[in-house]
Amino acid sequence: MLDIKLLRTNPDAVRTSLEKRHHYKINVDDLISSDVSVRDLQTKTDELRKKRNDSSQLIAKMKKEGQDTNSIQAEVKEIGETIKKNEAEAAVLEAKIIDTMYSIPNLVHESVPVGKSEEDNQEVRKWGEVPSFDFEVKTHDEIGKERGFIDFERAVKLAGARFTMMRGSGARLERALINFMLDLHTTEHGYEEVLPPFISNRETLTANGNLPKFEEDLFAISNSNYFLIPTAEVPLTNIYRGEILEKTDLPKYFTAYTACFRSEAGAAGKDTKGLIRVHQFSKVELVKIVEPENSFDELEKMVKNAEKVLQLLELPYRVLLLCSGDQGFNSAKTYDLEVWFPTQNKYREISSCSNCTDFQSRRGALRYKLDPKSNTIFPHTLNGSGLAVGRALAAILEVHQQKDGTIKIPKALQSYMGNKEFI
RNA sequence: GGAGAGAUGGCUGAGUGGUCGAAAGCACCUUCCUGCUAAGAAGACGUCUGAGCUAAAACUUGGACCUAGGGUUCAAAUCCCUAUCUCUCCGCCA
């Protein structure tokens with residue numbers, strides 16, 4: 001959520017940012033006029049409340065002295081009715097304002113290239129050699145089936161389309177990747193490991209920015225008010241929701257493995273084969289809560305942390321700076337990491353690292369203070385995949401496949417795979 | 001799932017209709033004092049929000065907030081209803 005004060009003092013900044021994003025139609029003028037009316041109404045209502053409070057005290061005093069209070073009581077009753085009427089009127093306006101405020105995406109940072117679609121994203125750097133093969137390469141789902149690593153058919157029987165089941169060395173490889181990533185981020189990069197609930201409530205999802213706008217992307221649990229989390233970002237950014245931290249508490253670095261659940265509404269026909277787009281996948285997530293002045297430096301560091309995983313897995317990748325039109329709702333600035341898939345002859349997204357500035361902390365009333373007397377400040381939140389495990393596994397199968405059908409295990413992962421060099 | 005008890009400021013904890021944004025203690029902060037692994041004195045000390053003033057703060061002033069949402073009343077932390085959460089006992093269970 002943006003600061004409504006920004007809308008009052010500099011509405012053009014909001015308009016410009018919305019234009020850069022292309023996909024959002026918000027009536028800013030309408031919002032501003034609603035805000036003016038609501039404040040007007042509040043001032044009037046506050047004055048009435050003052051009058052009621054004063055009169056009530058007077059009644060108490062008069063009653064003590066045995067005076068008749070009938071007429072003043074009637075008067076206060078009338079004030080009370082007006083207050084109630086004003087409150088109802090204000091509630092309607094406020095609901096409208098909040099509704100609109102919740103649907104305005106974060107401000108686009110000045111360092112983000114302006115563009116319409118993914119074609120306008122900027123390649124920042126590349127790492128690793130794109131491999132060449134002297135045999136016909138197989139897709140990861142072909143390998144998965146042939147080697148018994150992935151049981152697609154029976155997963156469909158158990159759950160449905162877009163579910164997968166890992167088996168044998170495939171299951172172990174997924175577990176190995178999770179452990180490897182968590183160990184790397186906790187021991188080398190300074191993150192605290194967290195194992196959060198895989199289910200969140202409405203408040204948590206609203207603060208993160210998934211609700212109310214993107215409810216159709218979530219799996220809701222029908223007999224409750226719970227949702228399956230689409231990413232560990234949701235619980236991690238909410239750990240301190242509603243709390244006021246001290247400066248010395250920051251920065252916070254969290255990493256968590258969770259399963260992630262996405263309805264993939266609107267993805268019909270896209271990536272229907274393999275592990276690329278499924279309803280449930282494993283991910284190791286990175287989240288930071290930092291002071292505003294550091295947040296863009298922290299974003300660069302987070303991208304490096306995610307890159308390190310790909311480097312140790314010996315997977316060629318590139319880093320993209322997303323353009324304004326391709327960037328997510330919460331984000332002020334986003335880098336995507338894309339890993340090389342030889343059978344598709346292109347790079348595919350495997351991590352997305354974003355600085356959400358104060359957008360989420362404002363929604364979740366997460367604040368901190370420099371000292372006990374200072375004003376409260378909204379910290380900045382960042383999130384990044386470190387990495388999407390299923391996609392990393394798919395990339396390993398494809399990039400490290402051998403002529404004899406085996407898969408070479410990258411050195412960094414071997415100790416997690418029973419010291420095997422090949423599976 | 002059944003029965004009961006509870007939810008007050010950073011923490012502990014008073015407060016059963018009016019003078020309560022809320023006693024007291026602890027913690028934090030400032031100042032002073034004594035002195036040395038700490039003690040004492042005084043003051044300040046919540047969040048959100050409207051208006052005024054301001055370059056911006058500070059400040060002044062009003063309102064709201066005692067888990068949340070409704071209700072009763074001239075007036076609610078206090079009475080009523082609902083929800084959520086916590087604790088105890090029973091049941092069930094990895």
# chains A, B, ... in the order shown; residues from 1 in each chain; ligands from 1
>>> interface_residues(of="chain B", to="chain A", cutoff="12 Å", atoms="only C-alpha atoms (C1' of nucleotides)", output="ChimeraX atom specification")
/B:10,17-19,28-30,44-51,57-58,61-64,73-75,84
>>> write_last_selection(atoms="C-alpha atoms (C1' of nucleotides)", output="mmCIF file, in the first residue's frame")
data_model
loop_
_atom_site.group_PDB
_atom_site.id
_atom_site.type_symbol
_atom_site.label_atom_id
_atom_site.label_comp_id
_atom_site.auth_asym_id
_atom_site.auth_seq_id
_atom_site.Cartn_x
_atom_site.Cartn_y
_atom_site.Cartn_z
ATOM 1 C "C1'" G B 10 7.262 -3.248 26.171
ATOM 2 C "C1'" G B 17 -21.182 2.082 34.343
ATOM 3 C "C1'" G B 18 -19.397 8.654 34.750
ATOM 4 C "C1'" U B 19 -13.753 12.350 37.491
ATOM 5 C "C1'" C B 28 13.462 1.659 28.412
ATOM 6 C "C1'" C B 29 14.986 7.110 27.936
ATOM 7 C "C1'" U B 30 16.866 11.995 30.047
ATOM 8 C "C1'" A B 44 9.849 11.799 30.875
ATOM 9 C "C1'" C B 45 7.621 7.464 28.930
ATOM 10 C "C1'" G B 46 2.012 4.018 23.945
ATOM 11 C "C1'" U B 47 -0.192 3.700 18.910
ATOM 12 C "C1'" C B 48 -3.203 5.655 15.012
ATOM 13 C "C1'" U B 49 -5.526 9.929 13.232
ATOM 14 C "C1'" G B 50 -7.945 15.228 12.104
ATOM 15 C "C1'" A B 51 -6.801 20.438 12.501
ATOM 16 C "C1'" A B 57 10.344 18.625 12.685
ATOM 17 C "C1'" A B 58 9.406 20.055 17.456
ATOM 18 C "C1'" U B 61 -5.121 21.277 20.143
ATOM 19 C "C1'" G B 62 -9.233 17.608 19.046
ATOM 20 C "C1'" G B 63 -10.697 12.414 18.273
ATOM 21 C "C1'" A B 64 -10.063 7.079 18.472
ATOM 22 C "C1'" U B 73 -26.890 3.590 27.542
ATOM 23 C "C1'" C B 74 -26.967 10.599 27.986
ATOM 24 C "C1'" A B 75 -22.219 7.917 29.154
ATOM 25 C "C1'" U B 84 -10.602 -15.281 17.433
#
>>> select_by_dssp(residues="range 34-187 of chain A", states="strand (DSSP E)", output="list in words")
Gln122, Glu123, Val124, Arg125, Lys126 and Trp127 of chain A
>>> write_last_selection(atoms="C-alpha atoms", output="JSON list (two decimals), in the first residue's frame")
[["chain", "number", "residue", "atom", "x", "y", "z"],
["A", 122, "GLN", "CA", 17.36, -5.70, -19.50],
["A", 123, "GLU", "CA", 19.98, -8.42, -19.36],
["A", 124, "VAL", "CA", 22.40, -7.39, -16.61],
["A", 125, "ARG", "CA", 24.92, -10.24, -16.77],
["A", 126, "LYS", "CA", 25.46, -13.85, -17.74],
["A", 127, "TRP", "CA", 27.31, -16.64, -15.99]]
>>> select_by_dssp(residues="range 236-392 of chain A", states="alpha helix (DSSP H)", output="list in words")
Leu236, Thr237, Ser295, Phe296, Asp297, Glu298, Leu299, Glu300, Lys301, Met302, Val303, Lys304, Asn305, Ala306, Glu307, Lys308, Val309, Leu310, Gln311, Leu312, Phe359, Gln360, Ser361, Arg362, Arg363, Val389, Gly390, Arg391 and Ala392 of chain A
>>> write_last_selection(atoms="N, CA and C atoms", output="short mmCIF file (atom, residue, chain, number, x, y, z; two decimals), in the first residue's frame")
data_model
loop_
_atom_site.label_atom_id
_atom_site.label_comp_id
_atom_site.auth_asym_id
_atom_site.auth_seq_id
_atom_site.Cartn_x
_atom_site.Cartn_y
_atom_site.Cartn_z
N LEU A 236 6.89 -15.30 5.95
CA LEU A 236 8.14 -14.67 6.41
C LEU A 236 8.01 -13.15 6.54
N THR A 237 7.36 -12.51 5.58
CA THR A 237 7.23 -11.05 5.67
C THR A 237 6.26 -10.66 6.78
N SER A 295 18.05 -0.54 1.40
CA SER A 295 17.30 -1.64 0.80
C SER A 295 17.75 -1.97 -0.61
N PHE A 296 18.17 -0.98 -1.38
CA PHE A 296 18.56 -1.31 -2.76
C PHE A 296 19.93 -1.99 -2.80
N ASP A 297 20.80 -1.66 -1.86
CA ASP A 297 22.06 -2.41 -1.74
C ASP A 297 21.77 -3.84 -1.30
N GLU A 298 20.82 -3.98 -0.39
CA GLU A 298 20.46 -5.31 0.10
C GLU A 298 19.88 -6.17 -1.01
N LEU A 299 19.18 -5.52 -1.93
CA LEU A 299 18.63 -6.27 -3.06
C LEU A 299 19.77 -6.85 -3.91
N GLU A 300 20.80 -6.03 -4.17
CA GLU A 300 21.93 -6.52 -4.97
C GLU A 300 22.57 -7.72 -4.28
N LYS A 301 22.71 -7.62 -2.94
CA LYS A 301 23.32 -8.72 -2.19
C LYS A 301 22.47 -9.98 -2.26
N MET A 302 21.16 -9.78 -2.19
CA MET A 302 20.27 -10.94 -2.24
C MET A 302 20.36 -11.65 -3.58
N VAL A 303 20.44 -10.87 -4.65
CA VAL A 303 20.57 -11.48 -5.99
C VAL A 303 21.85 -12.31 -6.04
N LYS A 304 22.92 -11.77 -5.47
CA LYS A 304 24.20 -12.50 -5.44
C LYS A 304 24.05 -13.80 -4.66
N ASN A 305 23.29 -13.76 -3.56
CA ASN A 305 23.07 -14.97 -2.75
C ASN A 305 22.36 -16.05 -3.57
N ALA A 306 21.38 -15.64 -4.36
CA ALA A 306 20.66 -16.60 -5.18
C ALA A 306 21.55 -17.10 -6.32
N GLU A 307 22.34 -16.20 -6.89
CA GLU A 307 23.26 -16.59 -7.97
C GLU A 307 24.24 -17.64 -7.51
N LYS A 308 24.68 -17.50 -6.26
CA LYS A 308 25.67 -18.43 -5.71
C LYS A 308 25.16 -19.87 -5.79
N VAL A 309 23.87 -20.05 -5.58
CA VAL A 309 23.30 -21.39 -5.64
C VAL A 309 23.47 -21.97 -7.05
N LEU A 310 23.16 -21.16 -8.04
CA LEU A 310 23.28 -21.63 -9.43
C LEU A 310 24.74 -21.91 -9.79
N GLN A 311 25.62 -21.06 -9.29
CA GLN A 311 27.05 -21.27 -9.59
C GLN A 311 27.53 -22.59 -9.01
N LEU A 312 27.16 -22.85 -7.75
CA LEU A 312 27.60 -24.09 -7.11
C LEU A 312 26.94 -25.32 -7.75
N PHE A 359 6.03 -1.01 0.92
CA PHE A 359 4.69 -1.38 0.44
C PHE A 359 4.03 -2.44 1.32
N GLN A 360 4.80 -3.46 1.69
CA GLN A 360 4.24 -4.53 2.52
C GLN A 360 4.24 -4.16 4.00
N SER A 361 5.28 -3.46 4.44
CA SER A 361 5.33 -3.12 5.87
C SER A 361 4.20 -2.15 6.23
N ARG A 362 3.83 -1.32 5.28
CA ARG A 362 2.70 -0.41 5.51
C ARG A 362 1.39 -1.20 5.59
N ARG A 363 1.22 -2.13 4.68
CA ARG A 363 0.01 -2.97 4.70
C ARG A 363 -0.09 -3.76 5.99
N VAL A 389 13.00 -25.01 -6.21
CA VAL A 389 13.70 -26.29 -6.16
C VAL A 389 13.35 -27.18 -7.35
N GLY A 390 12.08 -27.27 -7.70
CA GLY A 390 11.65 -28.11 -8.81
C GLY A 390 12.32 -27.71 -10.11
N ARG A 391 12.39 -26.41 -10.33
CA ARG A 391 13.00 -25.93 -11.57
C ARG A 391 14.51 -26.16 -11.54
N ALA A 392 15.12 -26.03 -10.37
CA ALA A 392 16.55 -26.31 -10.25
C ALA A 392 16.81 -27.79 -10.56
#
>>> residues_around(residues="G21 in chain B", least_positions_apart="3", cutoff="9 Å", atoms="only C-alpha atoms (C1' of nucleotides)", output="VMD selection string")
chain B and resid 9 65 to 66
>>> write_last_selection(atoms="C-alpha atoms (C1' of nucleotides)", output="CSV table (one decimal), in the first residue's frame")
chain,number,residue,atom,x,y,z
B,9,G,C1',0.1,-0.2,27.7
B,65,C,C1',-7.8,2.8,20.6
B,66,C,C1',-8.2,-1.7,27.4
>>> residues_around(residues="A14 in chain B", least_positions_apart="6", cutoff="12 Å", atoms="only C-alpha atoms (C1' of nucleotides)", output="JSON, numbers by chain")
{"B": [8, 20, 22, 23, 24, 25]}
>>> residues_around(residues="Arg348 in chain A", least_positions_apart="3", cutoff="7 Å", atoms="only C-alpha atoms (C1' of nucleotides)", output="ChimeraX atom specification")
/A:338-341
